[in-house]
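Peer 1: If you scroll down you'll find the structure; I have some questions about it.
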Amino acid sequence: MKKSLYILLPIILMFVVGCSRHSISPSDGGKVSFSSSLSSNTVSSIQRDSLGYLWIGTDRGINIFDGTNYRQLRHDRLDTASLRSDNVLKIYRGNTHMWVMTDQGIDCYAGNGRFVHYHSNAASSRAACMIERKDGRVIALFGNELCELEGLTFKRKLSIAGTAA
């Protein structure tokens with residue numbers, strides 16, 4: 001049990017530090033009026049991409065603000081490359097990609113309004129946190145299970161309870 005705790009503690013710290021790495025605070029810039037241009041007033045996440053655009057996650061999709069205009073990315077049941085779900089829980093800026101955690105799983109933005117959908121073999125489809133390491137490995141926490149991206153699937157690697165999956 002002690003050995004599992006020593007393994008688990010650094011992993012949890014990695015998520016706490018890594019997941020807060022790109023958050024936007026009021027000191028990052030000027031004032032922005034979100035008014036009625038957003039798809040919803042329920043904002044769950046705000047992230048800045050590599051171009052400086054603000055990605056605003058809501059319970060009705062993503063709103064991308066370029067400084068002047070808003071562009072909305074929503075789920076379209078007839079388009080398999082659209083956002084998996086409009087209920088965006090968190091947006092994460094990785095090394096080279098924008099990742100979107102929804103109530104249905106994790107999507108990665110592929111450009112031109114298109115998304116790649118990733119699956120998980122964890123018990124929960126909701127990711128609480130994720131990190132893209134400098135070496136390109138992507139790790140996410142689904143419920144109490146730590147998963148690593150392999151191909152198009154986040155595969156269970158460790159349970160928070162300390163038993164290997």
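The way I read the labels, and the way they are meant: chains A, B, ... in the order of the structure tokens, residue 1 as the first residue of every chain, and ligand 1 as the first ligand shown, with later ones counted on from there.
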Could I get the residues of stretch 79-121 of chain A with an atom no further than 10 Å from an atom of stretch 136-145 of chain A, each paired with its nearest atom pair and that distance in Å to one decimal, using only C-alpha atoms, sorted by chain and residue number, as a tab-separated table?
Peer 2:
residue	atom	partner	partner_atom	distance
A:Gly94	CA	A:Val138	CA	8.9
A:Asn95	CA	A:Gly136	CA	7.8
A:Thr96	CA	A:Gly136	CA	9.0
A:Gly105	CA	A:Phe142	CA	9.2
A:Ile106	CA	A:Ala140	CA	9.3
A:Ser120	CA	A:Phe142	CA	8.3
A:Asn121	CA	A:Phe142	CA	9.5
Peer 1: DSSP on the backbone: which residues in stretch 72-157 of chain A end up as strand (DSSP E or B)? Give the answer as a PyMOL selection string.
Peer 2: chain A and resi 72-73+88-93+98-102+105-111+114-120+127-132+138-142+145-150+153-157
Peer 1: Write a file of the just-selected residues containing N, CA and C atoms, as a CSV table (one decimal), in the first residue's frame.
Peer 2:
chain,number,residue,atom,x,y,z
A,72,GLN,N,-18.7,29.7,-33.6
A,72,GLN,CA,-19.2,28.6,-32.8
A,72,GLN,C,-19.0,27.3,-33.4
A,73,LEU,N,-18.5,26.3,-32.5
A,73,LEU,CA,-18.4,24.9,-32.9
A,73,LEU,C,-19.3,24.1,-32.0
A,88,VAL,N,-19.5,21.0,-23.0
A,88,VAL,CA,-18.0,21.1,-22.8
A,88,VAL,C,-17.7,21.3,-21.4
A,89,LEU,N,-16.9,20.4,-20.8
A,89,LEU,CA,-16.5,20.5,-19.4
A,89,LEU,C,-15.2,21.3,-19.2
A,90,LYS,N,-14.2,21.1,-20.1
A,90,LYS,CA,-12.9,21.8,-20.0
A,90,LYS,C,-12.2,21.7,-21.4
A,91,ILE,N,-11.5,22.8,-21.6
A,91,ILE,CA,-10.7,22.9,-22.8
A,91,ILE,C,-9.2,23.0,-22.4
A,92,TYR,N,-8.4,22.2,-23.0
A,92,TYR,CA,-7.0,22.1,-22.6
A,92,TYR,C,-6.1,22.4,-23.8
A,93,ARG,N,-5.1,23.3,-23.7
A,93,ARG,CA,-4.2,23.6,-24.7
A,93,ARG,C,-3.0,22.7,-24.5
A,98,MET,N,-5.5,21.6,-29.5
A,98,MET,CA,-6.5,22.0,-28.5
A,98,MET,C,-7.4,20.8,-28.3
A,99,TRP,N,-7.5,20.4,-27.0
A,99,TRP,CA,-8.2,19.2,-26.5
A,99,TRP,C,-9.5,19.7,-25.9
A,100,VAL,N,-10.6,19.0,-26.1
A,100,VAL,CA,-11.9,19.3,-25.5
A,100,VAL,C,-12.4,18.2,-24.7
A,101,MET,N,-12.6,18.4,-23.5
A,101,MET,CA,-13.3,17.3,-22.6
A,101,MET,C,-14.7,17.6,-22.5
A,102,THR,N,-15.6,16.7,-23.0
A,102,THR,CA,-17.0,16.8,-22.9
A,102,THR,C,-17.6,15.8,-22.0
A,105,GLY,N,-16.7,12.4,-23.6
A,105,GLY,CA,-15.3,11.9,-23.8
A,105,GLY,C,-14.5,13.1,-24.3
A,106,ILE,N,-13.3,12.7,-24.8
A,106,ILE,CA,-12.3,13.7,-25.2
A,106,ILE,C,-12.2,13.8,-26.8
A,107,ASP,N,-12.2,15.0,-27.3
A,107,ASP,CA,-12.0,15.3,-28.7
A,107,ASP,C,-10.7,16.2,-28.8
A,108,CYS,N,-10.1,16.1,-30.0
A,108,CYS,CA,-9.0,16.9,-30.3
A,108,CYS,C,-9.3,17.7,-31.6
A,109,TYR,N,-9.1,19.0,-31.6
A,109,TYR,CA,-9.4,19.8,-32.7
A,109,TYR,C,-8.4,19.5,-33.8
A,110,ALA,N,-9.0,19.2,-35.0
A,110,ALA,CA,-8.2,18.9,-36.2
A,110,ALA,C,-8.1,20.1,-37.2
A,111,GLY,N,-8.8,21.2,-36.9
A,111,GLY,CA,-8.8,22.3,-37.8
A,111,GLY,C,-10.1,22.3,-38.7
A,114,ARG,N,-13.4,20.6,-37.5
A,114,ARG,CA,-13.4,19.2,-37.4
A,114,ARG,C,-12.7,18.7,-36.1
A,115,PHE,N,-13.2,17.6,-35.6
A,115,PHE,CA,-12.6,17.0,-34.4
A,115,PHE,C,-12.3,15.5,-34.6
A,116,VAL,N,-11.3,15.0,-33.9
A,116,VAL,CA,-11.0,13.6,-33.8
A,116,VAL,C,-11.5,13.2,-32.5
A,117,HIS,N,-12.3,12.1,-32.4
A,117,HIS,CA,-12.9,11.6,-31.2
A,117,HIS,C,-12.1,10.5,-30.6
A,118,TYR,N,-11.8,10.5,-29.3
A,118,TYR,CA,-11.0,9.5,-28.7
A,118,TYR,C,-11.9,8.7,-27.7
A,119,HIS,N,-11.7,7.5,-27.5
A,119,HIS,CA,-12.4,6.6,-26.7
A,119,HIS,C,-11.6,6.2,-25.5
A,120,SER,N,-12.2,5.6,-24.5
A,120,SER,CA,-11.5,5.2,-23.3
A,120,SER,C,-12.0,3.8,-22.8
A,127,ALA,N,-13.5,12.8,-18.6
A,127,ALA,CA,-12.2,13.0,-18.1
A,127,ALA,C,-12.2,14.2,-17.2
A,128,ALA,N,-11.5,14.1,-16.0
A,128,ALA,CA,-11.4,15.2,-15.1
A,128,ALA,C,-10.3,16.1,-15.4
A,129,CYS,N,-9.2,15.5,-16.0
A,129,CYS,CA,-8.0,16.3,-16.2
A,129,CYS,C,-7.2,15.6,-17.3
A,130,MET,N,-6.4,16.3,-18.0
A,130,MET,CA,-5.5,15.7,-18.9
A,130,MET,C,-4.2,16.5,-19.1
A,131,ILE,N,-3.2,15.9,-19.6
A,131,ILE,CA,-1.9,16.6,-19.9
A,131,ILE,C,-1.3,16.0,-21.1
A,132,GLU,N,-0.7,16.8,-21.9
A,132,GLU,CA,0.1,16.4,-23.1
A,132,GLU,C,1.6,16.7,-22.7
A,138,VAL,N,0.0,11.5,-24.1
A,138,VAL,CA,-1.1,12.2,-23.6
A,138,VAL,C,-1.7,11.3,-22.5
A,139,ILE,N,-1.9,11.9,-21.3
A,139,ILE,CA,-2.4,11.1,-20.2
A,139,ILE,C,-3.6,11.9,-19.6
A,140,ALA,N,-4.7,11.1,-19.3
A,140,ALA,CA,-5.9,11.7,-18.8
A,140,ALA,C,-6.4,10.9,-17.5
A,141,LEU,N,-7.1,11.6,-16.7
A,141,LEU,CA,-7.7,11.0,-15.5
A,141,LEU,C,-9.2,10.9,-15.8
A,142,PHE,N,-9.7,9.6,-15.9
A,142,PHE,CA,-11.1,9.3,-16.0
A,142,PHE,C,-11.6,8.7,-14.7
A,145,GLU,N,-9.3,6.5,-12.6
A,145,GLU,CA,-8.4,5.7,-13.4
A,145,GLU,C,-7.5,6.6,-14.3
A,146,LEU,N,-6.2,6.4,-14.2
A,146,LEU,CA,-5.3,7.1,-15.0
A,146,LEU,C,-5.1,6.3,-16.3
A,147,CYS,N,-5.3,7.0,-17.5
A,147,CYS,CA,-5.2,6.4,-18.8
A,147,CYS,C,-4.2,7.1,-19.7
A,148,GLU,N,-3.6,6.4,-20.6
A,148,GLU,CA,-2.7,6.9,-21.5
A,148,GLU,C,-3.2,6.7,-22.9
A,149,LEU,N,-3.1,7.7,-23.8
A,149,LEU,CA,-3.6,7.6,-25.2
A,149,LEU,C,-2.7,6.7,-26.0
A,150,GLU,N,-3.3,5.7,-26.6
A,150,GLU,CA,-2.7,4.7,-27.5
A,150,GLU,C,-3.5,4.6,-28.7
A,153,THR,N,-7.5,5.4,-28.5
A,153,THR,CA,-8.1,5.0,-27.2
A,153,THR,C,-7.2,5.4,-26.0
A,154,PHE,N,-7.9,5.9,-25.0
A,154,PHE,CA,-7.2,6.1,-23.7
A,154,PHE,C,-7.3,4.8,-23.0
A,155,LYS,N,-6.1,4.2,-22.8
A,155,LYS,CA,-6.1,2.9,-22.1
A,155,LYS,C,-5.7,3.0,-20.6
A,156,ARG,N,-6.5,2.3,-19.8
A,156,ARG,CA,-6.3,2.3,-18.4
A,156,ARG,C,-4.9,1.8,-18.0
A,157,LYS,N,-4.2,2.6,-17.2
A,157,LYS,CA,-2.9,2.2,-16.7
A,157,LYS,C,-2.8,2.0,-15.2
Peer 1: From the options A:Asp103, A:His75, A:Ile160, A:Ile56, which residue's atoms come nearest to A:Ser124, counting only C-alpha atoms?
Peer 2: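 Result for the nearest residue to A:Ser124: A:Asp103.
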Peer 1: When you count only C-alpha atoms, which of these residues is closest to A:Asp49: A:Leu158, A:Asp86, A:Ile62, A:His97?
Peer 2: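 Using only C-alpha atoms, the shortest distance to A:Asp49 belongs to A:His97.
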Peer 1: Quick one: pull the distance between atom CA of A:Leu83 and atom CA of A:Leu54, Å, one decimal.
Peer 2: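 We find that atom CA of A:Leu83 and atom CA of A:Leu54 lie 17.1 Å from each other.
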Peer 1: What is the atom CA of A:Val43 to atom CA of A:Arg60 distance in Å?
Peer 2: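 Here the two named atoms are 9.2 Å from each other.
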Peer 1: Which is closest to A:Asn112 among A:Leu51, A:Ala81, A:Ile46, A:Leu38, if we use only C-alpha atoms?
Peer 2: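 With only C-alpha atoms as the atom set, the closest residue is A:Ala81.
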Peer 1: Which one is closest to A:Phe65: A:Ser37, A:Ser44, A:Lys134, A:Asn87? Count only C-alpha atoms.
Peer 2: A:Ser37
Peer 1: Identify, on the basis of only C-alpha atoms, every residue whose closest approach to stretch 39-41 of chain A does not exceed 7 Å; exclude the query and any residue fewer than 5 positions from it along the same chain; express the result as a list in words.
Peer 2: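 The neighbour list is Thr58, Asp59, Arg60 and Asn63 of chain A.
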Peer 1: Considering only C-alpha atoms, return as a PyMOL selection string whatever protein or nucleic-acid residues lie within 7 Å of A:Tyr53, sequence-local ones (same chain, fewer than 5 positions apart) excluded.
Peer 2: chain A and resi 48+64-66
Peer 1: Calculate how many Å separate atom CA of A:Ser82 from atom CA of A:Ser125, rounding to one decimal.
Peer 2: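 Distance between the two atoms: 17.9 Å.
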